[in-house]
>>> print(open('my_file39.txt').read())   # compact mmCIF, C-alpha atoms
# COMPACT_ATOMS: atom_id res chain seq x y z
CA MET Y 11 0.00 0.00 0.00
CA THR Y 12 1.30 3.44 -0.96
CA ASN Y 13 -0.14 6.81 0.05
CA ILE Y 14 0.81 9.88 -1.96
CA ILE Y 15 -0.09 13.54 -2.41
CA LEU Y 16 -0.04 14.88 -5.95
CA LEU Y 17 0.85 18.57 -6.22
CA GLY Y 18 0.90 20.60 -9.39
CA PRO Y 19 -0.71 23.65 -10.98
CA PRO Y 20 -3.89 23.41 -13.05
CA GLY Y 21 -3.19 21.42 -16.19
CA ALA Y 22 -0.01 19.75 -14.94
CA GLY Y 23 -1.56 16.35 -15.58
CA LYS Y 24 -2.47 15.28 -12.04
CA GLY Y 25 -5.88 13.97 -13.09
CA THR Y 26 -4.48 11.90 -15.96
CA GLN Y 27 -1.83 10.29 -13.77
CA ALA Y 28 -4.23 9.76 -10.87
CA ARG Y 29 -6.67 7.86 -13.13
CA TYR Y 30 -3.81 5.65 -14.32
CA LEU Y 31 -2.73 4.88 -10.75
CA VAL Y 32 -6.31 4.04 -9.80
CA GLU Y 33 -6.60 1.62 -12.73
CA SER Y 34 -3.13 0.08 -12.58
CA ARG Y 35 -2.47 -0.08 -8.83
CA ASN Y 36 -5.99 -0.26 -7.33
CA MET Y 37 -5.40 3.02 -5.52
CA VAL Y 38 -8.27 5.24 -4.38
CA GLN Y 39 -8.24 8.90 -5.45
CA LEU Y 40 -9.45 11.19 -2.67
CA SER Y 41 -10.53 14.38 -4.43
CA THR Y 42 -12.12 16.95 -2.13
CA GLY Y 43 -14.77 17.90 -4.68
CA ASP Y 44 -15.72 14.29 -5.41
CA MET Y 45 -15.91 13.44 -1.71
CA LEU Y 46 -18.20 16.39 -0.99
CA ARG Y 47 -20.53 15.42 -3.85
CA ASP Y 48 -20.55 11.76 -2.77
CA ALA Y 49 -21.27 12.74 0.84
CA GLN Y 50 -24.26 14.86 -0.14
CA ALA Y 51 -25.66 12.02 -2.23
CA SER Y 52 -25.12 9.41 0.50
CA GLY Y 53 -27.57 10.82 3.00
CA SER Y 54 -25.15 10.00 5.86
CA GLU Y 55 -24.84 12.23 8.92
CA MET Y 56 -21.65 13.70 7.51
CA GLY Y 57 -23.39 14.14 4.16
CA LYS Y 58 -26.21 16.07 5.81
CA ARG Y 59 -23.67 18.38 7.47
CA VAL Y 60 -22.01 19.01 4.12
CA ALA Y 61 -25.35 19.73 2.45
CA GLU Y 62 -26.34 22.18 5.20
CA VAL Y 63 -23.05 24.08 4.97
CA ILE Y 64 -23.22 24.34 1.18
CA ALA Y 65 -26.90 25.34 1.31
CA ARG Y 66 -25.91 28.26 3.57
CA GLY Y 67 -23.30 29.31 1.02
CA GLU Y 68 -20.46 28.73 3.47
CA LEU Y 69 -17.08 27.09 2.94
CA VAL Y 70 -16.79 23.48 4.10
CA THR Y 71 -14.58 23.40 7.19
CA ASP Y 72 -11.32 21.48 7.51
CA GLU Y 73 -13.00 19.40 10.22
CA ILE Y 74 -15.63 18.15 7.78
CA VAL Y 75 -13.12 17.39 5.03
CA ILE Y 76 -10.89 15.49 7.46
CA GLY Y 77 -13.97 13.58 8.62
CA LEU Y 78 -14.74 12.57 5.03
CA ILE Y 79 -11.14 11.48 4.48
CA ARG Y 80 -11.25 9.45 7.70
CA GLU Y 81 -14.35 7.61 6.45
CA LYS Y 82 -12.60 6.74 3.18
CA ILE Y 83 -9.42 5.58 4.91
CA GLU Y 84 -11.40 3.38 7.27
CA GLU Y 85 -13.09 1.76 4.25
CA GLY Y 86 -9.59 0.76 3.11
CA ALA Y 87 -7.85 0.64 -0.26
CA GLU Y 88 -5.76 -2.23 -1.56
CA GLY Y 89 -3.25 -0.03 -3.34
CA GLY Y 90 -3.33 3.01 -1.07
CA PHE Y 91 -4.64 6.55 -1.43
CA ILE Y 92 -3.96 9.49 -3.73
CA PHE Y 93 -4.69 12.82 -2.04
CA ASP Y 94 -5.78 15.25 -4.76
CA GLY Y 95 -6.57 18.86 -3.86
CA PHE Y 96 -5.90 18.30 -0.17
CA PRO Y 97 -4.07 19.55 1.79
CA ARG Y 98 -4.02 23.15 0.56
CA THR Y 99 -2.75 24.81 3.75
CA LEU Y 100 -0.22 24.04 6.48
CA ALA Y 101 -3.05 23.55 8.98
CA GLN Y 102 -4.61 20.95 6.68
CA ALA Y 103 -1.21 19.27 6.23
CA ASP Y 104 -0.85 18.95 10.01
CA ALA Y 105 -4.42 17.61 10.29
CA LEU Y 106 -3.77 15.02 7.58
CA ALA Y 107 -0.55 13.91 9.30
CA GLU Y 108 -2.45 13.42 12.56
CA LEU Y 109 -5.22 11.50 10.81
CA LEU Y 110 -2.81 9.16 9.03
CA SER Y 111 -0.98 8.47 12.28
CA ALA Y 112 -4.24 7.83 14.14
CA THR Y 113 -5.38 5.33 11.50
CA GLY Y 114 -2.08 3.48 11.31
CA GLN Y 115 -1.19 4.94 7.92
CA LYS Y 116 1.77 6.94 6.66
CA LEU Y 117 2.48 9.31 3.81
CA ASP Y 118 4.97 7.72 1.43
CA ALA Y 119 5.61 10.58 -0.99
CA VAL Y 120 4.54 14.08 -1.94
CA ILE Y 121 5.02 14.36 -5.69
CA GLU Y 122 5.26 17.82 -7.19
CA MET Y 123 4.56 17.87 -10.93
CA GLN Y 124 6.60 20.87 -12.01
CA VAL Y 125 5.85 22.77 -15.22
CA ASP Y 126 7.09 25.72 -17.26
CA ASP Y 127 4.31 28.31 -17.07
CA GLU Y 128 4.52 29.41 -20.72
CA ALA Y 129 4.43 25.84 -21.97
CA LEU Y 130 1.55 25.12 -19.63
CA VAL Y 131 -0.48 28.04 -21.02
CA ALA Y 132 -0.02 26.63 -24.52
CA ARG Y 133 -1.05 23.18 -23.32
CA ILE Y 134 -4.18 24.30 -21.49
CA THR Y 135 -5.64 26.76 -23.95
CA GLY Y 136 -5.86 23.96 -26.54
CA ARG Y 137 -7.35 21.41 -24.16
CA SER Y 138 -10.76 19.77 -24.37
CA THR Y 139 -12.36 16.69 -22.84
CA CYS Y 140 -15.00 14.13 -23.68
CA GLY Y 141 -18.22 15.13 -21.96
CA ASP Y 142 -19.05 11.48 -21.26
CA CYS Y 143 -15.86 9.84 -19.96
CA GLY Y 144 -13.47 12.73 -19.31
CA GLU Y 145 -10.82 11.60 -21.84
CA VAL Y 146 -8.46 14.53 -22.47
CA TYR Y 147 -7.73 15.90 -25.96
CA HIS Y 148 -5.59 18.73 -27.32
CA ASP Y 149 -5.89 20.70 -30.54
CA GLN Y 150 -2.21 20.15 -31.43
CA THR Y 151 -1.06 16.95 -29.76
CA LYS Y 152 -4.23 14.84 -29.57
CA PRO Y 153 -7.04 16.35 -31.65
CA TRP Y 154 -10.69 15.40 -31.19
CA PRO Y 155 -11.31 12.52 -33.64
CA GLU Y 156 -12.43 13.56 -37.11
CA ASP Y 157 -15.47 11.26 -36.90
CA GLY Y 158 -16.70 13.30 -33.93
CA LYS Y 159 -16.58 10.35 -31.53
CA CYS Y 160 -14.39 9.96 -28.46
CA ALA Y 161 -11.74 7.30 -29.10
CA ASN Y 162 -12.17 6.00 -25.54
CA CYS Y 163 -15.94 5.68 -25.12
CA GLY Y 164 -17.56 6.70 -28.42
CA GLY Y 165 -19.21 9.75 -26.85
CA THR Y 166 -20.01 12.69 -29.12
CA THR Y 167 -19.80 15.61 -26.67
CA GLN Y 168 -16.58 17.63 -26.71
CA LYS Y 169 -16.23 20.07 -23.82
CA ARG Y 170 -13.92 23.00 -23.07
CA ARG Y 171 -13.68 24.65 -19.67
CA ALA Y 172 -14.80 28.26 -19.72
CA ASP Y 173 -11.72 29.23 -17.69
CA ASP Y 174 -9.25 27.49 -20.02
CA ASN Y 175 -8.15 30.84 -21.47
CA GLU Y 176 -4.84 32.62 -20.96
CA GLU Y 177 -5.98 35.37 -18.61
CA SER Y 178 -7.94 33.03 -16.36
CA LEU Y 179 -5.17 30.44 -16.37
CA ARG Y 180 -2.51 32.94 -15.29
CA THR Y 181 -4.76 33.99 -12.40
CA ARG Y 182 -5.22 30.34 -11.38
CA LEU Y 183 -1.46 29.75 -11.58
CA MET Y 184 -0.75 32.71 -9.30
CA GLU Y 185 -3.30 31.45 -6.77
CA TYR Y 186 -1.79 27.97 -6.91
CA TYR Y 187 1.76 29.20 -6.27
CA LYS Y 188 0.67 31.49 -3.43
CA LYS Y 189 -1.18 28.69 -1.65
CA THR Y 190 1.19 25.82 -2.40
CA SER Y 191 4.61 27.38 -1.77
CA PRO Y 192 4.38 26.84 2.01
CA LEU Y 193 3.41 23.19 1.47
CA ILE Y 194 6.44 22.62 -0.75
CA GLY Y 195 8.71 23.82 2.04
CA TYR Y 196 6.78 21.87 4.66
CA TYR Y 197 7.10 18.54 2.89
CA TYR Y 198 10.68 19.21 1.79
CA ALA Y 199 11.63 19.70 5.43
CA LYS Y 200 9.91 16.41 6.31
CA GLY Y 201 11.82 14.57 3.57
CA ASN Y 202 8.65 13.58 1.68
CA LEU Y 203 8.99 15.81 -1.38
CA GLN Y 204 9.79 14.36 -4.80
CA ARG Y 205 9.72 16.30 -8.06
CA LEU Y 206 9.15 15.38 -11.69
CA ASN Y 207 8.59 17.24 -14.95
CA GLY Y 208 4.85 17.41 -15.55
CA LEU Y 209 5.40 18.47 -19.17
CA ASP Y 210 7.14 15.23 -20.11
CA SER Y 211 5.11 12.78 -22.18
CA ILE Y 212 2.35 10.93 -20.32
CA GLU Y 213 4.39 7.73 -20.57
CA LYS Y 214 7.56 9.37 -19.21
CA VAL Y 215 5.66 10.86 -16.28
CA ARG Y 216 4.24 7.39 -15.56
CA GLU Y 217 7.75 5.93 -15.56
CA ASN Y 218 8.99 8.60 -13.17
CA LEU Y 219 5.99 8.10 -10.89
CA ALA Y 220 6.64 4.36 -10.80
CA TRP Y 221 10.30 4.99 -9.90
CA ILE Y 222 9.34 7.37 -7.09
CA MET Y 223 6.78 4.89 -5.78
CA GLY Y 224 9.34 2.10 -5.71
CA GLU Y 225 8.45 0.01 -8.75
>>> encode(input="my_file39.txt", output="structure tokens")
Amino acid sequence: MTNIILLGPPGAGKGTQARYLVESRNMVQLSTGDMLRDAQASGSEMGKRVAEVIARGELVTDEIVIGLIREKIEEGAEGGFIFDGFPRTLAQADALAELLSATGQKLDAVIEMQVDDEALVARITGRSTCGDCGEVYHDQTKPWPEDGKCANCGGTTQKRRADDNEESLRTRLMEYYKKTSPLIGYYYAKGNLQRLNGLDSIEKVRENLAWIMGE
């Protein structure tokens, strides 16, 4: 079992690599957004708390998010967990460390997917996805199939994020660096931090991930 945190700016490829790790290593991806949606749909006590907070237009507290993560960890995962989008602050990092210790788990690696900002802007502004399965396409490197059907699932809906434009992306990058810089130092000091080039080919990034994770 291996537990990792994936760090990287929007478009660095975290989602692509996380899906591969889920499929190939039976890991469980713990995405904050997914967990909140699942909790609301579950009707559990925690789900009701989440629904009430969101209905009031308030931010979900760290306590609730940690509670959701605890539930997932207690359910178990054969291959371990991928923490995606959490932690975002030093307080959350401390809370996660305490939770892992309390549940007999440990954090094996924090993997920062580094990118060149200019190259990332070019990558993201040409990006689209299949509206049915989420398969990622790019105008230059992996165009949407000419027959209009997703090569993965046969779906016919091509989607582009409204904020996948240069101005919005640069704003998101600045927010990411402001929030994440303290975490980089935190995990470096703990000896957990590993880095790889997120702009390498998907296959090369997979190879580097496997090496970091001890394969």
>>> residues_around(input="my_file39.txt", residues="Ala87 of chain Y", least_positions_apart="3", cutoff="7 Å", atoms="only C-alpha atoms", output="list in words")
Met37, Val38, Gly90 and Phe91 of chain Y
>>> closest_residue(input="my_file39.txt", among="Y:Glu88, Y:Glu145, Y:Glu156, Y:Asp94", to="Ser34 of chain Y", atoms="only C-alpha atoms")
Y:Glu88
>>> axis_aligned_box(input="my_file39.txt", around="segment 149-154 of chain Y", padding_each_side="3 Å", output="lines of an AutoDock Vina configuration file")
center_x = -5.9
center_y = 17.8
center_z = -30.6
size_x = 15.6
size_y = 11.9
size_z = 8.1
>>> residues_around(input="my_file39.txt", residues="segment 125-134 of chain Y", least_positions_apart="2", cutoff="12 Å", atoms="only C-alpha atoms", output="ChimeraX atom specification")
/Y:17-24,122-123,136-139,146-152,170-184,186-187,205-210,215
>>> write_last_selection(input="my_file39.txt", atoms="C-alpha atoms", output="tab-separated table (two decimals), in the coordinates of the input")
chain	number	residue	atom	x	y	z
Y	17	LEU	CA	0.85	18.57	-6.22
Y	18	GLY	CA	0.90	20.60	-9.39
Y	19	PRO	CA	-0.71	23.65	-10.98
Y	20	PRO	CA	-3.89	23.41	-13.05
Y	21	GLY	CA	-3.19	21.42	-16.19
Y	22	ALA	CA	-0.01	19.75	-14.94
Y	23	GLY	CA	-1.56	16.35	-15.58
Y	24	LYS	CA	-2.47	15.28	-12.04
Y	122	GLU	CA	5.26	17.82	-7.19
Y	123	MET	CA	4.56	17.87	-10.93
Y	136	GLY	CA	-5.86	23.96	-26.54
Y	137	ARG	CA	-7.35	21.41	-24.16
Y	138	SER	CA	-10.76	19.77	-24.37
Y	139	THR	CA	-12.36	16.69	-22.84
Y	146	VAL	CA	-8.46	14.53	-22.47
Y	147	TYR	CA	-7.73	15.90	-25.96
Y	148	HIS	CA	-5.59	18.73	-27.32
Y	149	ASP	CA	-5.89	20.70	-30.54
Y	150	GLN	CA	-2.21	20.15	-31.43
Y	151	THR	CA	-1.06	16.95	-29.76
Y	152	LYS	CA	-4.23	14.84	-29.57
Y	170	ARG	CA	-13.92	23.00	-23.07
Y	171	ARG	CA	-13.68	24.65	-19.67
Y	172	ALA	CA	-14.80	28.26	-19.72
Y	173	ASP	CA	-11.72	29.23	-17.69
Y	174	ASP	CA	-9.25	27.49	-20.02
Y	175	ASN	CA	-8.15	30.84	-21.47
Y	176	GLU	CA	-4.84	32.62	-20.96
Y	177	GLU	CA	-5.98	35.37	-18.61
Y	178	SER	CA	-7.94	33.03	-16.36
Y	179	LEU	CA	-5.17	30.44	-16.37
Y	180	ARG	CA	-2.51	32.94	-15.29
Y	181	THR	CA	-4.76	33.99	-12.40
Y	182	ARG	CA	-5.22	30.34	-11.38
Y	183	LEU	CA	-1.46	29.75	-11.58
Y	184	MET	CA	-0.75	32.71	-9.30
Y	186	TYR	CA	-1.79	27.97	-6.91
Y	187	TYR	CA	1.76	29.20	-6.27
Y	205	ARG	CA	9.72	16.30	-8.06
Y	206	LEU	CA	9.15	15.38	-11.69
Y	207	ASN	CA	8.59	17.24	-14.95
Y	208	GLY	CA	4.85	17.41	-15.55
Y	209	LEU	CA	5.40	18.47	-19.17
Y	210	ASP	CA	7.14	15.23	-20.11
Y	215	VAL	CA	5.66	10.86	-16.28
>>> atom_distance(input="my_file39.txt", atom1="atom CA of Pro153 of chain Y", atom2="atom CA of Gly25 of chain Y")
18.7 Å
>>> atom_distance(input="my_file39.txt", atom1="atom CA of Val63 of chain Y", atom2="atom CA of Ala51 of chain Y")
14.3 Å
>>> closest_atom_pairs(input="my_file39.txt", of="segment 50-150 of chain Y", to="segment 190-201 of chain Y", cutoff="7 Å", atoms="only C-alpha atoms", output="CSV")
residue,atom,partner,partner_atom,distance
Y:Arg98,CA,Y:Thr190,CA,6.6
Y:Thr99,CA,Y:Leu193,CA,6.8
Y:Leu100,CA,Y:Leu193,CA,6.2
>>> closest_residue(input="my_file39.txt", among="Y:Gly53, Y:Asn13, Y:Leu31, Y:Ile64", to="Glu217 of chain Y", atoms="all atoms listed in the file")
Y:Leu31
>>> atom_distance(input="my_file39.txt", atom1="atom CA of Ile121 of chain Y", atom2="atom CA of Ile14 of chain Y")
7.2 Å
>>> closest_atom_pairs(input="my_file39.txt", of="segment 109-161 of chain Y", to="segment 69-79 of chain Y", cutoff="12 Å", atoms="all atoms listed in the file", output="JSON lines")
{"residue": "Y:Leu109", "atom": "CA", "partner": "Y:Ile76", "partner_atom": "CA", "distance": 7.7}
{"residue": "Y:Leu110", "atom": "CA", "partner": "Y:Ile79", "partner_atom": "CA", "distance": 9.8}
{"residue": "Y:Thr113", "atom": "CA", "partner": "Y:Ile79", "partner_atom": "CA", "distance": 11.0}
>>> closest_residue(input="my_file39.txt", among="Y:Ile92, Y:Thr42, Y:Glu108, Y:Met11", to="Gln27 of chain Y", atoms="all atoms listed in the file")
Y:Ile92
>>> closest_residue(input="my_file39.txt", among="Y:Thr12, Y:Gln204, Y:Asn36, Y:Asn218", to="Gln115 of chain Y", atoms="all atoms listed in the file")
Y:Thr12
